[in-house]
file coords.cif (mmCIF, C-alpha atoms)
data_entry
loop_
_atom_site.label_atom_id
_atom_site.label_comp_id
_atom_site.auth_asym_id
_atom_site.auth_seq_id
_atom_site.Cartn_x
_atom_site.Cartn_y
_atom_site.Cartn_z
CA MET C 84 189.36 -155.12 53.44
CA LYS C 85 190.51 -151.66 52.39
CA THR C 86 194.15 -152.68 52.89
CA PHE C 87 193.63 -155.72 50.67
CA ALA C 88 192.01 -153.51 48.02
CA LYS C 89 195.09 -151.27 48.13
CA ILE C 90 197.39 -154.26 47.73
CA ARG C 91 195.32 -155.46 44.78
CA PHE C 92 195.68 -152.04 43.15
CA TYR C 93 199.47 -152.19 43.25
CA TRP C 94 199.38 -155.76 42.00
CA GLY C 95 197.20 -154.62 39.11
CA ALA C 96 199.51 -151.71 38.33
CA PHE C 97 202.49 -154.08 38.36
CA VAL C 98 200.76 -156.58 36.06
CA ILE C 99 199.79 -153.90 33.55
CA SER C 100 203.26 -152.33 33.50
CA ALA C 101 205.05 -155.68 33.27
CA VAL C 102 202.89 -157.10 30.47
CA VAL C 103 203.12 -153.86 28.48
CA ALA C 104 206.88 -153.37 28.98
CA LEU C 105 208.05 -156.99 28.73
CA GLY C 106 205.46 -158.43 26.37
CA MET C 107 203.39 -156.02 24.35
CA ILE C 108 206.00 -153.47 23.31
CA PRO C 109 208.74 -155.92 22.22
CA LEU C 110 206.27 -158.17 20.40
CA ILE C 111 204.54 -155.46 18.36
CA TYR C 112 207.92 -154.21 17.17
CA LEU C 113 209.14 -157.73 16.37
CA PHE C 114 205.90 -158.83 14.70
CA PRO C 115 204.30 -155.65 13.32
CA ARG C 116 201.86 -157.54 11.10
CA HIS C 117 200.27 -159.14 14.14
CA LYS C 118 199.85 -156.07 16.37
CA GLY C 119 196.11 -156.52 16.75
CA THR C 120 196.34 -160.19 17.77
CA ILE C 121 199.19 -159.47 20.19
CA MET C 122 197.28 -156.69 21.92
CA HIS C 123 194.08 -158.73 22.00
CA LYS C 124 195.67 -161.74 23.68
CA LEU C 125 197.91 -159.88 26.13
CA ASN C 126 195.12 -157.57 27.29
CA ARG C 127 193.02 -160.65 27.98
CA LEU C 128 195.96 -161.96 30.01
CA ILE C 129 196.08 -158.75 32.03
CA LEU C 130 192.40 -159.02 32.93
CA PHE C 131 192.83 -162.66 33.92
CA LEU C 132 195.80 -161.89 36.17
CA ILE C 133 194.01 -159.07 38.00
CA GLY C 134 190.82 -161.08 38.46
CA ALA C 135 188.56 -159.28 35.99
CA ARG C 136 185.93 -160.70 33.66
CA ILE C 137 184.11 -159.24 30.66
CA GLU C 138 180.38 -159.29 30.01
CA LYS C 139 179.38 -158.19 26.53
CA VAL C 140 175.91 -156.92 25.66
CA GLY C 141 175.08 -156.41 21.99
CA GLU C 142 177.48 -156.69 19.09
CA ARG C 143 180.04 -154.56 17.38
CA ASP C 144 178.86 -153.28 14.01
CA PRO C 145 181.46 -154.41 11.45
CA GLU C 146 180.54 -151.44 9.25
CA ALA C 147 181.14 -148.82 11.97
CA ASP C 148 184.37 -146.90 11.56
CA LEU C 149 184.25 -144.65 14.64
CA PHE C 150 183.61 -145.88 18.18
CA LEU C 151 182.75 -143.50 21.02
CA MET C 152 183.21 -144.69 24.61
CA ASN C 153 182.91 -143.26 28.11
CA HIS C 154 186.13 -143.19 30.09
CA GLN C 155 187.02 -143.92 33.70
CA GLY C 156 190.54 -145.32 33.55
CA ILE C 157 193.05 -147.59 31.86
CA ILE C 158 190.86 -150.67 32.34
CA ASP C 159 188.49 -149.23 29.71
CA ILE C 160 191.20 -149.50 27.06
CA ILE C 161 192.42 -152.89 28.25
CA THR C 162 188.86 -154.24 28.21
CA MET C 163 188.06 -152.99 24.72
CA GLU C 164 191.32 -154.35 23.34
CA ALA C 165 190.60 -157.68 25.06
CA VAL C 166 187.01 -157.99 23.83
CA GLU C 167 187.86 -157.05 20.24
CA ASN C 168 189.96 -159.05 17.79
CA THR C 169 190.73 -156.29 15.31
CA HIS C 170 193.35 -153.57 15.51
CA TRP C 171 191.68 -150.31 16.47
CA ARG C 172 193.41 -146.96 16.05
CA TRP C 173 193.02 -145.14 19.36
CA VAL C 174 193.06 -141.36 19.63
CA ALA C 175 195.10 -140.17 22.63
CA LYS C 176 196.43 -136.87 23.83
CA LYS C 177 199.91 -136.00 22.61
CA GLU C 178 201.41 -136.02 26.12
CA LEU C 179 200.81 -139.77 26.47
CA PHE C 180 203.05 -140.47 23.49
CA ASP C 181 205.99 -139.07 25.48
CA THR C 182 205.51 -141.28 28.55
CA PRO C 183 207.72 -144.31 29.30
CA TRP C 184 206.40 -147.68 28.16
CA PHE C 185 202.90 -146.57 27.17
CA GLY C 186 204.33 -143.97 24.82
CA HIS C 187 206.22 -146.70 23.01
CA LEU C 188 203.05 -148.79 22.91
CA LEU C 189 201.09 -145.96 21.31
CA LYS C 190 203.81 -145.24 18.78
CA GLY C 191 204.42 -148.90 18.00
CA GLY C 192 200.69 -149.46 17.66
CA ASP C 193 200.45 -146.56 15.18
CA MET C 194 197.84 -144.71 17.22
CA ILE C 195 196.66 -141.12 16.63
CA SER C 196 198.01 -138.28 18.76
CA VAL C 197 196.01 -135.11 19.29
CA ASP C 198 197.36 -131.82 20.63
CA ARG C 199 194.58 -130.19 22.64
CA GLU C 200 196.54 -126.97 23.14
CA ASN C 201 197.11 -126.37 19.45
CA LYS C 202 194.35 -125.02 17.20
CA ALA C 203 195.81 -127.02 14.35
CA GLY C 204 195.15 -130.20 16.34
CA LEU C 205 191.67 -130.58 14.86
CA VAL C 206 193.05 -130.38 11.32
CA LYS C 207 195.63 -133.04 12.14
CA LEU C 208 192.93 -135.24 13.67
CA TYR C 209 190.89 -134.95 10.47
CA LYS C 210 193.87 -135.85 8.27
CA ASP C 211 194.79 -138.79 10.49
CA ALA C 212 191.19 -140.03 10.48
CA GLN C 213 191.00 -139.74 6.70
CA GLU C 214 194.26 -141.66 6.34
CA THR C 215 192.97 -144.33 8.72
CA LEU C 216 189.87 -144.96 6.64
CA GLU C 217 191.42 -144.68 3.19
CA LYS C 218 194.83 -146.32 3.64
CA LYS C 219 194.95 -148.30 6.87
CA ASP C 220 191.51 -149.95 6.86
CA ARG C 221 191.21 -149.60 10.65
CA ALA C 222 188.41 -148.31 12.85
CA ILE C 223 189.01 -145.35 15.16
CA ALA C 224 188.31 -145.44 18.89
CA ILE C 225 188.00 -142.28 20.96
CA PHE C 226 186.80 -141.07 24.35
CA PRO C 227 184.64 -138.04 23.43
CA GLU C 228 184.74 -136.68 26.99
CA GLY C 229 188.42 -136.00 26.42
CA THR C 230 189.35 -136.90 29.98
CA ARG C 231 188.22 -139.12 32.84
CA SER C 232 185.02 -138.35 34.70
CA ALA C 233 185.06 -138.65 38.48
CA ASP C 234 181.41 -139.71 38.84
CA GLN C 235 178.42 -141.20 37.03
CA HIS C 236 177.80 -138.20 34.79
CA LEU C 237 179.33 -137.90 31.35
CA LEU C 238 181.40 -134.80 30.82
CA PRO C 239 180.53 -132.60 27.82
CA PHE C 240 181.69 -134.23 24.59
CA LYS C 241 184.56 -132.57 22.75
CA PRO C 242 183.86 -131.28 19.21
CA GLY C 243 186.61 -133.33 17.50
CA PRO C 244 184.71 -136.62 17.05
CA ARG C 245 181.65 -134.82 15.69
CA PHE C 246 183.81 -132.81 13.28
CA ILE C 247 185.61 -135.79 11.73
CA ALA C 248 182.46 -137.93 11.64
CA GLN C 249 180.51 -135.29 9.73
CA LYS C 250 183.36 -134.39 7.38
CA LEU C 251 184.05 -138.02 6.51
CA GLY C 252 180.46 -139.29 6.63
CA MET C 253 181.36 -141.95 9.18
CA LYS C 254 179.25 -144.63 10.81
CA VAL C 255 179.51 -144.13 14.57
CA GLN C 256 178.84 -146.78 17.20
CA PRO C 257 178.61 -145.71 20.85
CA VAL C 258 179.87 -148.14 23.50
CA VAL C 259 179.14 -147.88 27.21
CA ILE C 260 181.63 -149.37 29.69
CA VAL C 261 180.57 -149.94 33.31
CA GLY C 262 182.31 -151.66 36.20
CA SER C 263 185.86 -150.78 35.17
CA LYS C 264 186.46 -148.41 38.06
CA TRP C 265 185.53 -151.12 40.56
CA VAL C 266 188.11 -153.44 39.01
CA LEU C 267 190.86 -150.80 39.17
CA ASN C 268 190.27 -147.35 40.62
CA GLU C 269 193.13 -145.01 39.80
CA HIS C 270 191.66 -142.16 41.89
CA ASN C 271 191.68 -143.85 45.31
CA ARG C 272 194.10 -146.65 44.36
CA THR C 273 191.93 -149.65 45.11
CA ALA C 274 191.11 -152.76 43.10
CA HIS C 275 188.72 -155.71 43.34
CA ASN C 276 187.64 -158.84 41.54
CA GLY C 277 184.81 -157.90 39.25
CA THR C 278 183.14 -157.80 35.88
CA VAL C 279 183.54 -155.07 33.30
CA LYS C 280 180.38 -154.76 31.23
CA VAL C 281 180.63 -153.61 27.61
CA ILE C 282 177.36 -152.47 26.05
CA TYR C 283 177.20 -151.81 22.30
CA LEU C 284 174.55 -149.27 21.28
CA PRO C 285 173.02 -148.92 17.79
CA THR C 286 175.21 -147.44 15.08
CA VAL C 287 174.50 -143.94 13.78
CA ASP C 288 175.09 -143.29 10.08
CA VAL C 289 176.11 -139.65 10.29
CA SER C 290 175.39 -138.99 6.61
CA LYS C 291 171.71 -139.76 7.27
CA ALA C 292 171.37 -138.67 10.89
CA PRO C 293 169.54 -135.59 12.26
CA LYS C 294 171.60 -132.55 13.22
CA ASP C 295 171.58 -133.36 16.93
CA TRP C 296 172.96 -136.91 16.46
CA TYR C 297 176.05 -136.21 18.58
CA ASP C 298 174.07 -134.82 21.51
CA GLN C 299 171.62 -137.72 21.21
CA ILE C 300 174.46 -140.22 21.49
CA ALA C 301 175.56 -138.52 24.72
CA ARG C 302 172.00 -138.72 26.06
CA ASP C 303 171.66 -142.37 25.08
CA MET C 304 174.96 -143.29 26.71
CA GLN C 305 174.04 -141.45 29.92
CA ALA C 306 170.69 -143.25 30.00
CA VAL C 307 172.44 -146.62 29.81
CA ILE C 308 174.91 -145.64 32.53
CA ASP C 309 172.04 -144.55 34.79
CA ARG C 310 170.06 -147.72 34.06
CA GLU C 311 172.97 -150.00 34.89
CA ASN C 312 173.52 -148.18 38.18
CA GLU C 313 169.87 -148.11 39.18
CA THR C 314 168.96 -151.63 38.03
CA HIS C 315 172.14 -153.59 38.68
CA GLY C 316 174.09 -151.36 41.07
CA ILE C 317 176.97 -151.14 38.63
CA GLN C 318 178.86 -147.86 38.47
CA ARG C 319 180.86 -146.78 35.45
#

call {"tool": "encode", "arguments": {"input": "coords.cif", "output": "structure tokens"}}
result
Amino acid sequence: MKTFAKIRFYWGAFVISAVVALGMIPLIYLFPRHKGTIMHKLNRLILFLIGARIEKVGERDPEADLFLMNHQGIIDIITMEAVENTHWRWVAKKELFDTPWFGHLLKGGDMISVDRENKAGLVKLYKDAQETLEKKDRAIAIFPEGTRSADQHLLPFKPGPRFIAQKLGMKVQPVVIVGSKWVLNEHNRTAHNGTVKVIYLPTVDVSKAPKDWYDQIARDMQAVIDRENETHGIQR
């Protein structure tokens, strides 16, 4: 069983790399006006080919302009791109923009790079977020933990999302993703058939929210993660 799970992992890695390199990247450069639709359909194809399904709980708020999600691996991004039909602007660390294939995907998709080692990175993030809202009419998606957690507990949220949300008076919708690590686990290199569950939480209008809104979002997301594990046996 473990050997089969290992084989499935490498199949999944191959599928993701092939679809991104041979399909997604060429198509978004050839048809830039249809980037969102291309990513939506091809990410759904990836999930189908690796034997994954999506279960959605709740609805995306069409007025929300910043989405905060927990992060376990690449399946989180694939799932959110598959379940949505609009072109989000993802925030990713600068190093990813220099990687083969995925770097081209991020650049071609006009995503936001953030330099964690540079103090000016927060200023750039603010300017990019402002441009996104005022000129590009796209919502921003970010993993506030900043990196991948190895267990059920959320890591402390980075200050960047709170900073831009408060400065720009954004409407923030938290989203909890569970089951993605079972589908493709990049830590132990195993994969299985399974369902990725996407749970939309209520939107927070930062301009009207109490001062601890950001910490409360973290608590609410952790509560949902714990509930899914305890009630349904689903890990994040």

call {"tool": "resolve_selection", "arguments": {"input": "coords.cif", "expression": "the PyMOL selection byres ((chain C and resi 191-193) around 7)", "output": "ChimeraX atom specification"}}
result
/C:111-112,118,187-190,194-195

call {"tool": "atom_distance", "arguments": {"input": "coords.cif", "atom1": "CA of Ala292 in chain C", "atom2": "CA of Gln256 in chain C"}}
result
12.7 Å

call {"tool": "resolve_selection", "arguments": {"input": "coords.cif", "expression": "the PyMOL selection byres ((chain C and resi 248) around 10)", "output": "MDAnalysis selection string"}}
result
chainID C and resid 148:149 209 212 243:247 249:255 288:290 297

call {"tool": "atom_distance", "arguments": {"input": "coords.cif", "atom1": "CA of Lys219 in chain C", "atom2": "CA of Ser196 in chain C"}}
result
15.8 Å

call {"tool": "closest_residue", "arguments": {"input": "coords.cif", "among": "C:Asn153, C:Asn201, C:Thr278, C:Ser263", "to": "Ala224 in chain C", "atoms": "all atoms listed in the file"}}
result
C:Asn153

call {"tool": "residues_near_point", "arguments": {"input": "coords.cif", "point": "(178.8, -148.8, 42.1)", "cutoff": "6 Å", "atoms": "all atoms listed in the file", "output": "PyMOL selection string"}}
result
chain C and resi 316-318

call {"tool": "closest_residue", "arguments": {"input": "coords.cif", "among": "C:Arg136, C:Lys291, C:His270, C:His170", "to": "Arg116 in chain C", "atoms": "only C-alpha atoms"}}
result
C:His170

call {"tool": "resolve_selection", "arguments": {"input": "coords.cif", "expression": "the PyMOL selection byres ((chain C and resi 229) around 9)", "output": "list of chain:residue names"}}
result
C:His154, C:Ala175, C:Lys176, C:Ile225, C:Phe226, C:Pro227, C:Glu228, C:Thr230, C:Arg231, C:Leu238, C:Pro239, C:Phe240, C:Lys241

call {"tool": "atom_distance", "arguments": {"input": "coords.cif", "atom1": "CA of Thr286 in chain C", "atom2": "CA of Gly141 in chain C"}}
result
11.3 Å

call {"tool": "residues_near_point", "arguments": {"input": "coords.cif", "point": "(196.0, -155.4, 36.8)", "cutoff": "10 Å", "atoms": "only C-alpha atoms", "output": "number ranges by chain"}}
result
C: 91-102, 126, 128-135, 157-158, 161, 266-267, 274-275

call {"tool": "residues_around", "arguments": {"input": "coords.cif", "residues": "Trp171 in chain C", "least_positions_apart": "4", "cutoff": "6 Å", "atoms": "all atoms listed in the file", "output": "list of chain:residue names"}}
result
C:Arg221, C:Ala222, C:Ile223

call {"tool": "write_last_selection", "arguments": {"input": "coords.cif", "atoms": "C-alpha atoms", "output": "JSON list (two decimals), in the frame of the given file"}}
result
[["chain", "number", "residue", "atom", "x", "y", "z"],
["C", 221, "ARG", "CA", 191.21, -149.60, 10.65],
["C", 222, "ALA", "CA", 188.41, -148.31, 12.85],
["C", 223, "ILE", "CA", 189.01, -145.35, 15.16]]

call {"tool": "residues_around", "arguments": {"input": "coords.cif", "residues": "Ile282 in chain C", "least_positions_apart": "5", "cutoff": "7 Å", "atoms": "all atoms listed in the file", "output": "list in words"}}
result
Lys139, Val140, Gly141, Val258, Val259 and Ile260 of chain C

call {"tool": "residues_around", "arguments": {"input": "coords.cif", "residues": "Glu164 in chain C", "least_positions_apart": "3", "cutoff": "9 Å", "atoms": "only C-alpha atoms", "output": "ChimeraX atom specification"}}
result
/C:119,122-124,126-127,159-161,167-171

call {"tool": "closest_residue", "arguments": {"input": "coords.cif", "among": "C:Ala306, C:Val174, C:Val103, C:Leu113", "to": "Phe150 in chain C", "atoms": "only C-alpha atoms"}}
result
C:Val174

call {"tool": "residues_around", "arguments": {"input": "coords.cif", "residues": "Lys85 in chain C", "least_positions_apart": "3", "cutoff": "8 Å", "atoms": "all atoms listed in the file", "output": "ChimeraX atom specification"}}
result
/C:88-89,273

call {"tool": "closest_residue", "arguments": {"input": "coords.cif", "among": "C:His236, C:Glu142, C:Arg172, C:Lys202", "to": "Glu214 in chain C", "atoms": "all atoms listed in the file"}}
result
C:Arg172

call {"tool": "residues_around", "arguments": {"input": "coords.cif", "residues": "Ile308 in chain C", "least_positions_apart": "3", "cutoff": "8 Å", "atoms": "all atoms listed in the file", "output": "list in words"}}
result
Gln235, Val259, Val261, Met304, Gln305, Glu311, Asn312, Gln318 and Arg319 of chain C

call {"tool": "build_atoms", "arguments": {"input": "coords.cif", "residues": "range 91-105 of chain C", "atoms": "N, CA and C atoms", "output": "PDB file, keeping the file's coordinate frame"}}
result
ATOM      1  N   ARG C  91     195.766-155.020  46.104  1.00  0.00           N
ATOM      2  CA  ARG C  91     195.320-155.460  44.780  1.00  0.00           C
ATOM      3  C   ARG C  91     195.575-154.388  43.725  1.00  0.00           C
ATOM      4  N   PHE C  92     195.420-153.115  44.108  1.00  0.00           N
ATOM      5  CA  PHE C  92     195.680-152.040  43.150  1.00  0.00           C
ATOM      6  C   PHE C  92     197.130-152.080  42.680  1.00  0.00           C
ATOM      7  N   TYR C  93     198.067-152.207  43.635  1.00  0.00           N
ATOM      8  CA  TYR C  93     199.470-152.190  43.250  1.00  0.00           C
ATOM      9  C   TYR C  93     199.855-153.457  42.482  1.00  0.00           C
ATOM     10  N   TRP C  94     199.179-154.560  42.806  1.00  0.00           N
ATOM     11  CA  TRP C  94     199.380-155.760  42.000  1.00  0.00           C
ATOM     12  C   TRP C  94     198.896-155.519  40.574  1.00  0.00           C
ATOM     13  N   GLY C  95     197.731-154.918  40.436  1.00  0.00           N
ATOM     14  CA  GLY C  95     197.200-154.620  39.110  1.00  0.00           C
ATOM     15  C   GLY C  95     198.102-153.684  38.334  1.00  0.00           C
ATOM     16  N   ALA C  96     198.603-152.652  38.994  1.00  0.00           N
ATOM     17  CA  ALA C  96     199.510-151.710  38.330  1.00  0.00           C
ATOM     18  C   ALA C  96     200.783-152.409  37.877  1.00  0.00           C
ATOM     19  N   PHE C  97     201.282-153.315  38.726  1.00  0.00           N
ATOM     20  CA  PHE C  97     202.490-154.080  38.360  1.00  0.00           C
ATOM     21  C   PHE C  97     202.224-154.966  37.152  1.00  0.00           C
ATOM     22  N   VAL C  98     201.102-155.677  37.162  1.00  0.00           N
ATOM     23  CA  VAL C  98     200.760-156.580  36.060  1.00  0.00           C
ATOM     24  C   VAL C  98     200.665-155.807  34.743  1.00  0.00           C
ATOM     25  N   ILE C  99     199.957-154.692  34.769  1.00  0.00           N
ATOM     26  CA  ILE C  99     199.790-153.900  33.550  1.00  0.00           C
ATOM     27  C   ILE C  99     201.134-153.416  33.029  1.00  0.00           C
ATOM     28  N   SER C 100     201.949-152.854  33.915  1.00  0.00           N
ATOM     29  CA  SER C 100     203.260-152.330  33.500  1.00  0.00           C
ATOM     30  C   SER C 100     204.158-153.433  32.977  1.00  0.00           C
ATOM     31  N   ALA C 101     204.166-154.589  33.670  1.00  0.00           N
ATOM     32  CA  ALA C 101     205.050-155.680  33.270  1.00  0.00           C
ATOM     33  C   ALA C 101     204.643-156.275  31.921  1.00  0.00           C
ATOM     34  N   VAL C 102     203.349-156.509  31.731  1.00  0.00           N
ATOM     35  CA  VAL C 102     202.890-157.100  30.470  1.00  0.00           C
ATOM     36  C   VAL C 102     203.129-156.147  29.299  1.00  0.00           C
ATOM     37  N   VAL C 103     202.893-154.850  29.543  1.00  0.00           N
ATOM     38  CA  VAL C 103     203.120-153.860  28.480  1.00  0.00           C
ATOM     39  C   VAL C 103     204.606-153.751  28.153  1.00  0.00           C
ATOM     40  N   ALA C 104     205.450-153.609  29.195  1.00  0.00           N
ATOM     41  CA  ALA C 104     206.880-153.370  28.980  1.00  0.00           C
ATOM     42  C   ALA C 104     207.617-154.606  28.486  1.00  0.00           C
ATOM     43  N   LEU C 105     207.288-155.781  29.046  1.00  0.00           N
ATOM     44  CA  LEU C 105     208.050-156.990  28.730  1.00  0.00           C
ATOM     45  C   LEU C 105     207.420-157.841  27.628  1.00  0.00           C
TER      46      LEU C 105
END
